[in-house]
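So the structure is just underneath, and the comments pick up after that.
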Amino acid sequence: MEPEEEKMEPEDAENEAVLSWSPVARNRLSACTGFNDYAGKKRKQDPKSDAESLARTAEDNDEEDGDIAGELIHDSEEPCNKRVKPVAKGTGLPGFKAPALKRLGQSIQRSISFRTETQPMSMPIRSRQKASSFPRRRSSQLWSDTVDNPSQALSAKEIKRQEIIYELTQGEKQLIEDLNLVKKVYYEPMLKLEIMTESELGQIFGTLESLVPLHEDCLARLEGLRGSEKTVEAVGPTLLQWFPCLDAYITYCCNQVAAKALLDLKKQDRRVEQFLRLCQESSFSRKLDLWNFLDLPRSRLVKYPLLLKEIQKCTPQDHPDEEALPDALEMIQNIVAEVNSKTGEAECQFYRRGLCYPEEGQRVPEIQLSRFIYCHGELKSTKGQKLHVFLFELVLVLTRPVVTDKDGMLQFQVYRQPLPAAHLLLEDIPDGEPVSSGSFRGAFTGNDKVKNCFRVSSRGRSKAQSHGLQANDSFNKQQWISCLRQAMVQSRDREAQASQSGPSSRLSPDPDLYNIAELTINSDVDMQET
């Protein structure tokens, strides 16, 4: 299942496997469900294809030019995780011995590191996956490594503050490098080799290129704040002036659902799959795939509030930043919430368009009135059939994935009658309960007891329905149950308020629920129509 997760960061992507686009308990800023899960077996590949030649050429050019890709290659080959600049004897901050200062800086850096980011947008529910073995990150440097011989002593709290501001600055620099890398290594070669059309590449990459100048501007502003002793006095006013330009993220993030769906579809093409695989295996990619790079801006966006909160914690009273930081934090939180909300609406519209109705009576109004998706993903029915289930804001819809679109895009055929969330009943079936006659037959192999199952039913305006559903694992099951309960409570509260204030009134959902729709279920078995 795919609960929607705050839907946003490539640095985080390095730590975890691809975040599938769908409902992630959003901090919705997240990503799309893996449509290629439903594709057939991969075709045989030609090792002498143009894609392979280009991938090798791109890597060679990067090394020769000393460009961004070359730097990434060099960094990935570093024998250790961090490059540490030796501090000359007697050059430490007053009150600290050089080794002690470095240890303190490293300890602070570990405590404030935000490499693992929260996940983005509607939650496609995901099963637990084995920890990925990505290569070492690019080398990183501490602020204390850049300090030679400051004229005044700094407290441990101020050193920590400078480390966080330095991490903010370096994060901008690394994002710019990665975005330029994506254009040079992925976009331009695929366009030149005609691996994809310009229109297809435009939909997948969206407005990515327009984000680079924004972050270059931010980087220039932050670097301009560093004084002669490489300290930054006040960062709040600068961020207050720069944050409004991040409204550009609304367009980019709203396109991510459709972009991920098209990318998964194009991966079924042998040339596309081979080119992307060769790039991922090359050292410049740090073992990240194309989608990891495309999701970097979203990840970066959700990281700003975290960094500002840490800076604020280390800012003393009567500091020049004391007044500006709270305003900057409030502004970026509002921007993230707006991007999150708009992305949820775009995701809901995308999947709503992908529904096909065998019967006209299945077009219930709650589907069109829903503004976001709590979660969606794969579940099994009592007969062992694989269903893709969508928990929209106002209705639960069971579907069977079918490829009927003229362009080969995956569509979802509605299975049975949709169940309005306000009329849902939920039953958590304990593991080990004996299988009754006709219950979950065919859903188990050699087992006679249920596991990871729950039942949903409805007794509203239409005839009663009941569906027994099985999740991939206990974690997945709990995600579904949590989202279902929230949907039921919100829908019933909405109906209660509407009955008191008039039929046209609708209760606005809790903004935090926008972040619940991004859990994605990635099945190892191809989805098939049953």
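Letters A, B, ... mark the chains of the structure tokens in the order given; residue numbers begin at 1 per chain; ligand numbers begin at 1, in order shown.
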When you look at Ser458 in chain A with a cut-off of 8 Å (counting only C-alpha atoms), what residues show up, excluding the ones that are within fewer than 3 positions of it in the same chain? I need them as a list in words.
Leu419, Pro420, His423, Leu424, Leu425, Ala464, Gln465 and Ser466 of chain A
Restricting it to all heavy atoms, dump the selection as a tab-separated table (two decimals), in the first residue's frame.
```
chain	number	residue	atom	x	y	z
A	419	LEU	N	-16.53	2.35	-1.67
A	419	LEU	CA	-17.07	2.42	-0.32
A	419	LEU	C	-16.81	3.81	0.28
A	419	LEU	O	-15.66	4.16	0.57
A	419	LEU	CB	-16.41	1.36	0.58
A	419	LEU	CG	-16.41	-0.07	0.04
A	419	LEU	CD1	-15.62	-0.97	0.98
A	419	LEU	CD2	-17.81	-0.57	-0.13
A	420	PRO	N	-17.86	4.63	0.50
A	420	PRO	CA	-17.67	5.95	1.09
A	420	PRO	C	-17.01	5.84	2.48
A	420	PRO	O	-17.39	4.99	3.29
A	420	PRO	CB	-19.10	6.50	1.20
A	420	PRO	CG	-19.84	5.77	0.12
A	420	PRO	CD	-19.26	4.40	0.09
A	423	HIS	N	-19.06	5.78	5.72
A	423	HIS	CA	-19.87	4.61	6.04
A	423	HIS	C	-19.04	3.35	6.22
A	423	HIS	O	-19.58	2.24	6.28
A	423	HIS	CB	-20.90	4.38	4.92
A	423	HIS	CG	-21.78	5.56	4.67
A	423	HIS	ND1	-22.34	5.83	3.43
A	423	HIS	CD2	-22.19	6.54	5.49
A	423	HIS	CE1	-23.06	6.94	3.51
A	423	HIS	NE2	-22.98	7.39	4.75
A	424	LEU	N	-17.73	3.51	6.31
A	424	LEU	CA	-16.84	2.35	6.42
A	424	LEU	C	-16.88	1.76	7.83
A	424	LEU	O	-16.99	2.47	8.83
A	424	LEU	CB	-15.40	2.74	6.09
A	424	LEU	CG	-14.94	2.70	4.64
A	424	LEU	CD1	-13.49	3.15	4.54
A	424	LEU	CD2	-15.10	1.31	4.05
A	425	LEU	N	-16.73	0.45	7.87
A	425	LEU	CA	-16.50	-0.29	9.12
A	425	LEU	C	-15.19	-1.04	8.93
A	425	LEU	O	-14.95	-1.63	7.89
A	425	LEU	CB	-17.65	-1.25	9.40
A	425	LEU	CG	-19.04	-0.63	9.57
A	425	LEU	CD1	-20.09	-1.72	9.74
A	425	LEU	CD2	-19.06	0.31	10.78
A	464	ALA	N	-25.18	-3.84	1.48
A	464	ALA	CA	-24.00	-4.06	2.31
A	464	ALA	C	-22.91	-4.78	1.53
A	464	ALA	O	-23.17	-5.65	0.70
A	464	ALA	CB	-24.39	-4.88	3.54
A	465	GLN	N	-21.65	-4.38	1.80
A	465	GLN	CA	-20.49	-5.02	1.18
A	465	GLN	C	-19.48	-5.36	2.26
A	465	GLN	O	-19.42	-4.69	3.30
A	465	GLN	CB	-19.81	-4.07	0.18
A	465	GLN	CG	-20.62	-3.71	-1.04
A	465	GLN	CD	-19.75	-2.91	-2.00
A	465	GLN	OE1	-18.80	-3.42	-2.59
A	465	GLN	NE2	-20.07	-1.63	-2.16
A	466	SER	N	-18.69	-6.37	2.00
A	466	SER	CA	-17.63	-6.73	2.92
A	466	SER	C	-16.46	-7.28	2.11
A	466	SER	O	-16.65	-8.12	1.22
A	466	SER	CB	-18.11	-7.78	3.93
A	466	SER	OG	-17.05	-8.13	4.82
```
If you count only C-alpha atoms, which residues fall within 9 Å of Leu222 in chain A, apart from same-chain ones fewer than 4 positions away, as an MDAnalysis selection string?
chainID A and resid 165:166 168:169 217:218 226 232 235 238:239
Output file for the residues above (all heavy atoms, as a compact mmCIF listing (two decimals), in the first residue's frame):
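Wrote selection-v5.txt, looks like this:
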```
# COMPACT_ATOMS: atom_id res chain seq x y z
N ILE A 165 24.80 26.35 9.83
CA ILE A 165 24.75 27.32 8.72
C ILE A 165 25.66 26.86 7.60
O ILE A 165 25.33 26.98 6.41
CB ILE A 165 25.15 28.71 9.22
CG1 ILE A 165 24.12 29.23 10.23
CG2 ILE A 165 25.29 29.69 8.06
CD1 ILE A 165 24.49 30.55 10.88
N TYR A 166 26.81 26.30 7.96
CA TYR A 166 27.74 25.81 6.94
C TYR A 166 27.13 24.62 6.19
O TYR A 166 27.27 24.49 4.97
CB TYR A 166 29.06 25.40 7.60
CG TYR A 166 30.14 25.02 6.61
CD1 TYR A 166 30.78 26.00 5.86
CD2 TYR A 166 30.53 23.70 6.44
CE1 TYR A 166 31.78 25.66 4.95
CE2 TYR A 166 31.52 23.35 5.55
CZ TYR A 166 32.14 24.34 4.80
OH TYR A 166 33.12 24.00 3.88
N LEU A 168 23.96 24.15 5.69
CA LEU A 168 22.96 24.75 4.82
C LEU A 168 23.60 25.24 3.53
O LEU A 168 23.08 25.01 2.43
CB LEU A 168 22.28 25.92 5.55
CG LEU A 168 21.33 26.81 4.75
CD1 LEU A 168 20.11 26.01 4.29
CD2 LEU A 168 20.90 28.02 5.57
N THR A 169 24.73 25.91 3.65
CA THR A 169 25.44 26.43 2.48
C THR A 169 25.96 25.31 1.59
O THR A 169 25.79 25.34 0.37
CB THR A 169 26.61 27.32 2.93
OG1 THR A 169 26.12 28.35 3.80
CG2 THR A 169 27.30 27.95 1.74
N ASP A 217 21.49 31.51 -6.70
CA ASP A 217 21.28 32.80 -6.03
C ASP A 217 21.38 32.63 -4.52
O ASP A 217 22.02 33.44 -3.82
CB ASP A 217 19.91 33.36 -6.42
CG ASP A 217 19.60 34.67 -5.72
OD1 ASP A 217 20.51 35.53 -5.62
OD2 ASP A 217 18.45 34.85 -5.27
N CYS A 218 20.74 31.58 -4.00
CA CYS A 218 20.81 31.33 -2.55
C CYS A 218 22.24 31.08 -2.10
O CYS A 218 22.69 31.62 -1.07
CB CYS A 218 19.93 30.13 -2.20
SG CYS A 218 19.92 29.71 -0.44
N ARG A 226 29.56 35.28 4.93
CA ARG A 226 30.71 34.84 5.72
C ARG A 226 31.70 35.99 5.90
O ARG A 226 32.12 36.63 4.95
CB ARG A 226 31.40 33.65 5.06
CG ARG A 226 30.52 32.44 4.88
CD ARG A 226 31.31 31.22 4.49
NE ARG A 226 32.08 30.71 5.61
CZ ARG A 226 32.92 29.67 5.52
NH1 ARG A 226 33.09 29.07 4.36
NH2 ARG A 226 33.58 29.25 6.57
N VAL A 232 29.23 33.47 10.25
CA VAL A 232 28.04 34.15 9.75
C VAL A 232 27.29 34.71 10.96
O VAL A 232 26.95 33.96 11.88
CB VAL A 232 27.12 33.19 8.97
CG1 VAL A 232 25.83 33.90 8.56
CG2 VAL A 232 27.85 32.66 7.73
N VAL A 235 21.62 34.98 9.49
CA VAL A 235 21.20 34.34 8.25
C VAL A 235 19.71 34.52 8.00
O VAL A 235 19.24 34.38 6.87
CB VAL A 235 21.57 32.83 8.30
CG1 VAL A 235 20.66 32.10 9.27
CG2 VAL A 235 21.49 32.20 6.93
N THR A 238 18.42 37.16 5.23
CA THR A 238 18.73 36.70 3.88
C THR A 238 17.74 35.64 3.42
O THR A 238 17.25 35.68 2.28
CB THR A 238 20.16 36.14 3.82
OG1 THR A 238 21.09 37.18 4.13
CG2 THR A 238 20.48 35.58 2.44
N LEU A 239 17.43 34.69 4.29
CA LEU A 239 16.49 33.64 3.93
C LEU A 239 15.08 34.19 3.77
O LEU A 239 14.32 33.72 2.91
CB LEU A 239 16.52 32.53 4.99
CG LEU A 239 17.84 31.76 5.10
CD1 LEU A 239 17.77 30.74 6.23
CD2 LEU A 239 18.17 31.06 3.77
```
Coordinates-based distance that separates CA of Tyr374 in chain A from CA of Phe392 in chain A (Å, one decimal):
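Interatomic distance here is 5.9 Å.
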Helix (DSSP H, G or I) call set, DSSP backbone run, range 307-387 of chain A, as a ChimeraX atom specification
/A:307-313,324-353,360-362,365-369
Can you tell me, as a list in words, what residues are no more than 10 Å from Leu307 in chain A when counting only C-alpha atoms, ignoring any on the same chain fewer than 2 positions away?
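The filter keeps Ile112, Ser113, Phe114, Ile164, Ile165, Glu167, Leu168, Val302, Lys303, Tyr304, Pro305, Lys309, Glu310, Ile311, Gln312 and Leu329 of chain A.
Summary of the local environment: counting only C-alpha atoms, residues at most 9 Å from Val339 in chain A, other than itself and those fewer than 2 positions away along its chain, are Arg28, Leu29, Asp247, Tyr249, Ile250, Thr251, Cys253, Cys254, Asn334, Ile335, Val336, Ala337, Ser341, Lys342, Thr343 and Gly344 of chain A.
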